Number of protein chains: 2
Amino acid sequence: MRLNHTIEKQTKSRIRHVAEEMFATHGIGGVTTRALAEKAGANTAAVNYHFGGKDNLATEVFRDVAHRSTVRRLANLDRIETEARANDARPDLRAVIESFVDAYVNEDDPRTGLLLARLVLKHRVEPNEWTRAVVRDELDRVAERYVVALGNATPQLGPAEVHWRYHFMVGSILMTLSDDGPESRLQRLSGGLCKPADKRVLRTQLVDFLTGAFLIGNKAGPDDDGHPEQAGGSPVDD
Amino acid sequence: MRLNHTIEKQTKSRIRHVAEEMFATHGIGGVTTRALAEKAGANTAAVNYHFGGKDNLATEVFRDVAHRSTVRRLANLDRIETEARANDARPDLRAVIESFVDAYVNEDDPRTGLLLARLVLKHRVEPNEWTRAVVRDELDRVAERYVVALGNATPQLGPAEVHWRYHFMVGSILMTLSDDGPESRLQRLSGGLCKPADKRVLRTQLVDFLTGAFLIGNKAGPDDDGHPEQAGGSPVDD
DNA sequence: AAATTTGACAAACAAATGTTTCAATGGTTT
DNA sequence: AAACCATTGAAACATTTGTTTGTCAAATTT
């Protein structure tokens, strides 16, 4: 048991990988211990033996995915901000948004975005102890950093507005990711004009949409409690 | 049994109303037949007796909610388009968006928007026979009409882009609605700066965001398959 | 070589939950 | 008044699903 690590952990590793795959495909609630074990060629008890329960397995899978994407995004953001400082300019809004979208919509690794969407959607629909933990521990940092970065890139927006729009941004990305494949509502309603499976187009469309959404603002103060009724008319009013 | 309709249907009606309330509060999966029956002061068997099962009850509740909001939105849209025609102008983008958001975010009737969000989110996370039916029968009409209206209001956008952005719009609205209350992620991350419970501010912020998101476009053709990489720079390029 | 630990497996267990059964009740009709 | 029918209620049923148990085989350690 000391020599053959690889053989010893085969079952555990198989379960771990199949879990990631099945969670992405069928969602978290759509995967049963039995189906998972069967697909991994293991016994149902093995899931509990190796991971201590389905929730722990899910926590492990999603914490890992979230962590990887967090690291990647924070690095991207660092790079963008360093470059901007070097040029003595503000970070480019489009670049910031693109780096955020990239972690969700990426043809090289379509699974990560899907898993992140599954995680956050589950957390929205029925919050859990473990979804809460993963979201707080891994995703909140990204949100805080991006709100700051987006604020720096959009001086025409007040602090509250940046928070609102970050939130809207995440919503549009996640809902789009959850509507993947040829059965998607978008594809059906557009008569095949839009294909969410084409990640390249999707990313461009998202970034276009979101960049526009952040461009126009009405610079409400932090204590804004709802009087911006004449907003949205003129672009960049400062 | 012929004379006292009101008394006869008391139980059925109570179940119906409690179901709507509980579906909005706890989501569809978060409501058990037992909890529902208890809160309605009825027996668990009554749910099946009067509605023929939980799914039928949910279908009835959500079909009703969706239908009401559909009728309301289509009427709003008709009014806007009629007015625009009378003035020989294009429909106002902001007015179109506002009428769409209104059905979801409305201080007079906060429950409808929440229920619609529950319905669509459930349909996204785990589609069903009955969610499919309700979405197709009630919500698709609205989507089609609004895509046309938004297209008329934004000549700078190509047909595919309007579809994409309509989709993104729905996503940001729904995800925001599902993040209601003082426990919301938005409220937590913004340090209390943004309160999703304040529907008036929420609506304004959403409409500002979405109006901006539709303003800038790159007029890709219908056969666009992903080459708009220089898009989003200049406002309204036609 | 013997003892111990690890891992796998079949089966059983336990809890949640939608649904059904069947007898009792109360009003309605004849 | 008697028959009838809709409604109710308690209990049982069936299914799904996560988890645990007890046994056995193989590998490792002593």
# chains A, B, ... in the order shown; residues from 1 in each chain; ligands from 1
call {"tool": "select_by_dssp", "arguments": {"residues": "stretch 5-128 of chain B", "states": "alpha helix (DSSP H)", "output": "PyMOL selection string"}}
result
chain B and resi 5-8+10-26+33-39+44-51+54-86+93-104+110-125
call {"tool": "closest_atom_pairs", "arguments": {"of": "chain C", "to": "chain B", "cutoff": "9 Å", "atoms": "only C-alpha atoms (C1' of nucleotides)", "output": "tab-separated table"}}
result
residue	atom	partner	partner_atom	distance
C:DT17	C1'	B:Thr32	CA	7.1
C:DG18	C1'	B:Thr33	CA	7.3
C:DT19	C1'	B:Asn48	CA	7.6
C:DT20	C1'	B:Ala45	CA	8.5
C:DG27	C1'	B:Met1	CA	7.0
C:DT28	C1'	B:Met1	CA	6.3
call {"tool": "write_last_selection", "arguments": {"atoms": "N, CA and C atoms (P, O5', C5', C4', C3', O3' and C1' of nucleotides)", "output": "compact mmCIF listing (two decimals), in the first residue's frame"}}
result
# COMPACT_ATOMS: atom_id res chain seq x y z
P DT C 17 -38.64 15.47 2.03
O5' DT C 17 -39.63 14.77 0.99
C5' DT C 17 -39.09 14.03 -0.08
C4' DT C 17 -40.20 13.33 -0.82
C3' DT C 17 -41.57 14.01 -0.73
O3' DT C 17 -42.09 14.14 -2.02
C1' DT C 17 -41.76 11.73 -0.28
P DG C 18 -43.17 15.27 -2.37
O5' DG C 18 -44.09 14.54 -3.44
C5' DG C 18 -43.45 13.95 -4.57
C4' DG C 18 -44.24 12.74 -5.02
C3' DG C 18 -45.73 13.00 -5.28
O3' DG C 18 -46.10 12.41 -6.53
C1' DG C 18 -45.47 11.20 -3.75
P DT C 19 -47.58 12.55 -7.04
O5' DT C 19 -48.26 11.25 -6.44
C5' DT C 19 -47.67 10.00 -6.71
C4' DT C 19 -48.45 8.88 -6.06
C3' DT C 19 -49.97 8.95 -6.27
O3' DT C 19 -50.37 7.82 -7.00
C1' DT C 19 -49.41 8.42 -4.01
P DT C 20 -51.89 7.67 -7.46
O5' DT C 20 -52.44 6.62 -6.40
C5' DT C 20 -51.72 5.43 -6.18
C4' DT C 20 -52.34 4.65 -5.04
C3' DT C 20 -53.86 4.46 -5.13
O3' DT C 20 -54.14 3.07 -5.07
C1' DT C 20 -53.24 5.23 -2.97
P DG C 27 -73.60 18.95 6.93
O5' DG C 27 -74.14 19.29 5.46
C5' DG C 27 -73.22 19.74 4.47
C4' DG C 27 -73.59 19.15 3.12
C3' DG C 27 -74.98 19.55 2.61
O3' DG C 27 -74.85 20.07 1.30
C1' DG C 27 -74.68 17.22 2.44
P DT C 28 -76.10 20.78 0.64
O5' DT C 28 -76.60 19.66 -0.37
C5' DT C 28 -75.63 19.05 -1.24
C4' DT C 28 -76.33 18.13 -2.22
C3' DT C 28 -77.68 18.62 -2.70
O3' DT C 28 -77.74 18.47 -4.12
C1' DT C 28 -77.89 16.44 -1.79
call {"tool": "interface_residues", "arguments": {"of": "chain D", "to": "chain A", "cutoff": "10 Å", "atoms": "only C-alpha atoms (C1' of nucleotides)", "output": "VMD selection string"}}
result
chain D and resid 16 to 20 27 to 29
call {"tool": "interface_residues", "arguments": {"of": "chain A", "to": "chain B", "cutoff": "7 Å", "atoms": "only C-alpha atoms", "output": "PyMOL selection string"}}
result
chain A and resi 124+160+163-165+167-169+171-172+175-176+178-179+186+190+193-194+200-201+205+208-210+212-216+222+225-226+229+231-232
call {"tool": "write_last_selection", "arguments": {"atoms": "N, CA and C atoms", "output": "mmCIF file, in the first residue's frame"}}
result
data_model
loop_
_atom_site.group_PDB
_atom_site.id
_atom_site.type_symbol
_atom_site.label_atom_id
_atom_site.label_comp_id
_atom_site.auth_asym_id
_atom_site.auth_seq_id
_atom_site.Cartn_x
_atom_site.Cartn_y
_atom_site.Cartn_z
ATOM 1 N N ARG A 124 -28.228 29.016 -5.864
ATOM 2 C CA ARG A 124 -29.334 29.960 -5.941
ATOM 3 C C ARG A 124 -30.667 29.289 -5.685
ATOM 4 N N ALA A 160 -22.243 51.696 -6.064
ATOM 5 C CA ALA A 160 -23.402 50.805 -6.002
ATOM 6 C C ALA A 160 -23.704 50.241 -7.384
ATOM 7 N N HIS A 163 -21.578 47.347 -8.370
ATOM 8 C CA HIS A 163 -22.041 46.108 -7.757
ATOM 9 C C HIS A 163 -23.265 45.555 -8.468
ATOM 10 N N TRP A 164 -24.243 46.374 -8.721
ATOM 11 C CA TRP A 164 -25.434 45.916 -9.430
ATOM 12 C C TRP A 164 -25.037 45.267 -10.752
ATOM 13 N N ARG A 165 -24.222 45.959 -11.498
ATOM 14 C CA ARG A 165 -23.948 45.477 -12.855
ATOM 15 C C ARG A 165 -23.064 44.234 -12.857
ATOM 16 N N HIS A 167 -23.345 41.971 -10.729
ATOM 17 C CA HIS A 167 -24.347 40.952 -10.434
ATOM 18 C C HIS A 167 -25.153 40.578 -11.678
ATOM 19 N N PHE A 168 -25.592 41.580 -12.404
ATOM 20 C CA PHE A 168 -26.330 41.321 -13.645
ATOM 21 C C PHE A 168 -25.459 40.556 -14.632
ATOM 22 N N MET A 169 -24.206 40.935 -14.676
ATOM 23 C CA MET A 169 -23.278 40.277 -15.589
ATOM 24 C C MET A 169 -23.190 38.781 -15.283
ATOM 25 N N GLY A 171 -25.287 36.963 -13.807
ATOM 26 C CA GLY A 171 -26.560 36.340 -14.131
ATOM 27 C C GLY A 171 -26.680 36.003 -15.598
ATOM 28 N N SER A 172 -26.346 36.936 -16.444
ATOM 29 C CA SER A 172 -26.513 36.660 -17.869
ATOM 30 C C SER A 172 -25.560 35.563 -18.320
ATOM 31 N N MET A 175 -26.907 32.022 -16.786
ATOM 32 C CA MET A 175 -28.118 31.514 -17.411
ATOM 33 C C MET A 175 -27.859 31.063 -18.834
ATOM 34 N N THR A 176 -26.944 31.733 -19.492
ATOM 35 C CA THR A 176 -26.628 31.323 -20.845
ATOM 36 C C THR A 176 -25.907 29.979 -20.843
ATOM 37 N N SER A 178 -26.233 27.659 -18.745
ATOM 38 C CA SER A 178 -27.141 26.576 -18.372
ATOM 39 C C SER A 178 -28.107 26.249 -19.508
ATOM 40 N N ASP A 179 -27.980 26.935 -20.604
ATOM 41 C CA ASP A 179 -28.885 26.711 -21.738
ATOM 42 C C ASP A 179 -28.099 26.191 -22.929
ATOM 43 N N LEU A 186 -32.500 29.259 -26.554
ATOM 44 C CA LEU A 186 -31.999 30.267 -27.480
ATOM 45 C C LEU A 186 -31.978 29.733 -28.907
ATOM 46 N N SER A 190 -34.459 31.166 -31.759
ATOM 47 C CA SER A 190 -33.823 31.919 -32.844
ATOM 48 C C SER A 190 -33.887 31.152 -34.161
ATOM 49 N N LEU A 193 -30.500 30.308 -35.487
ATOM 50 C CA LEU A 193 -29.604 31.425 -35.798
ATOM 51 C C LEU A 193 -28.479 31.522 -34.780
ATOM 52 N N CYS A 194 -28.772 31.223 -33.534
ATOM 53 C CA CYS A 194 -27.777 31.300 -32.464
ATOM 54 C C CYS A 194 -27.529 29.913 -31.915
ATOM 55 N N ARG A 200 -17.124 30.254 -29.274
ATOM 56 C CA ARG A 200 -16.416 31.444 -29.756
ATOM 57 C C ARG A 200 -17.402 32.595 -30.011
ATOM 58 N N VAL A 201 -18.468 32.266 -30.703
ATOM 59 C CA VAL A 201 -19.495 33.281 -30.938
ATOM 60 C C VAL A 201 -20.134 33.709 -29.619
ATOM 61 N N GLN A 205 -20.414 37.519 -28.296
ATOM 62 C CA GLN A 205 -21.718 38.136 -28.059
ATOM 63 C C GLN A 205 -21.852 38.595 -26.620
ATOM 64 N N ASP A 208 -19.634 41.694 -26.039
ATOM 65 C CA ASP A 208 -20.257 42.870 -26.649
ATOM 66 C C ASP A 208 -21.387 43.395 -25.765
ATOM 67 N N PHE A 209 -22.250 42.487 -25.411
ATOM 68 C CA PHE A 209 -23.411 42.845 -24.593
ATOM 69 C C PHE A 209 -22.980 43.497 -23.291
ATOM 70 N N LEU A 210 -22.036 42.859 -22.616
ATOM 71 C CA LEU A 210 -21.659 43.321 -21.278
ATOM 72 C C LEU A 210 -20.863 44.627 -21.339
ATOM 73 N N GLY A 212 -21.203 46.987 -23.499
ATOM 74 C CA GLY A 212 -22.203 48.034 -23.655
ATOM 75 C C GLY A 212 -22.933 48.315 -22.363
ATOM 76 N N ALA A 213 -23.227 47.268 -21.643
ATOM 77 C CA ALA A 213 -24.006 47.420 -20.416
ATOM 78 C C ALA A 213 -23.248 48.208 -19.353
ATOM 79 N N PHE A 214 -21.924 48.182 -19.408
ATOM 80 C CA PHE A 214 -21.142 48.905 -18.404
ATOM 81 C C PHE A 214 -20.768 50.310 -18.869
ATOM 82 N N LEU A 215 -20.953 50.557 -20.158
ATOM 83 C CA LEU A 215 -20.427 51.820 -20.682
ATOM 84 C C LEU A 215 -21.213 53.031 -20.194
ATOM 85 N N ILE A 216 -22.516 52.905 -20.186
ATOM 86 C CA ILE A 216 -23.349 54.060 -19.879
ATOM 87 C C ILE A 216 -23.705 54.062 -18.409
ATOM 88 N N PRO A 222 -22.723 56.586 -3.379
ATOM 89 C CA PRO A 222 -22.818 55.326 -2.642
ATOM 90 C C PRO A 222 -24.110 55.237 -1.820
ATOM 91 N N ASP A 225 -30.323 55.768 -3.050
ATOM 92 C CA ASP A 225 -31.415 54.841 -2.750
ATOM 93 C C ASP A 225 -32.575 55.042 -3.687
ATOM 94 N N GLY A 226 -32.285 55.300 -4.950
ATOM 95 C CA GLY A 226 -33.329 55.148 -5.941
ATOM 96 C C GLY A 226 -33.877 56.395 -6.578
ATOM 97 N N GLU A 229 -33.879 58.394 -12.060
ATOM 98 C CA GLU A 229 -34.860 58.096 -13.106
ATOM 99 C C GLU A 229 -34.524 58.694 -14.462
ATOM 100 N N ALA A 231 -31.638 58.435 -15.907
ATOM 101 C CA ALA A 231 -30.355 57.853 -16.307
ATOM 102 C C ALA A 231 -30.404 57.272 -17.715
ATOM 103 N N GLY A 232 -29.267 56.877 -18.181
ATOM 104 C CA GLY A 232 -29.184 56.097 -19.405
ATOM 105 C C GLY A 232 -29.305 56.889 -20.687
#
call {"tool": "atom_distance", "arguments": {"atom1": "atom CA of B:Thr112", "atom2": "atom CA of B:Glu20"}}
result
9.5 Å
call {"tool": "atom_distance", "arguments": {"atom1": "atom CA of A:Phe100", "atom2": "atom CA of A:Ile80"}}
result
11.4 Å
call {"tool": "residues_around", "arguments": {"residues": "C:DT30", "least_positions_apart": "3", "cutoff": "12 Å", "atoms": "only C-alpha atoms (C1' of nucleotides)", "output": "PyMOL selection string"}}
result
chain D and resi 1-4
call {"tool": "atom_distance", "arguments": {"atom1": "atom CA of B:Thr11", "atom2": "atom C1' of D:DG9"}}
result
13.3 Å
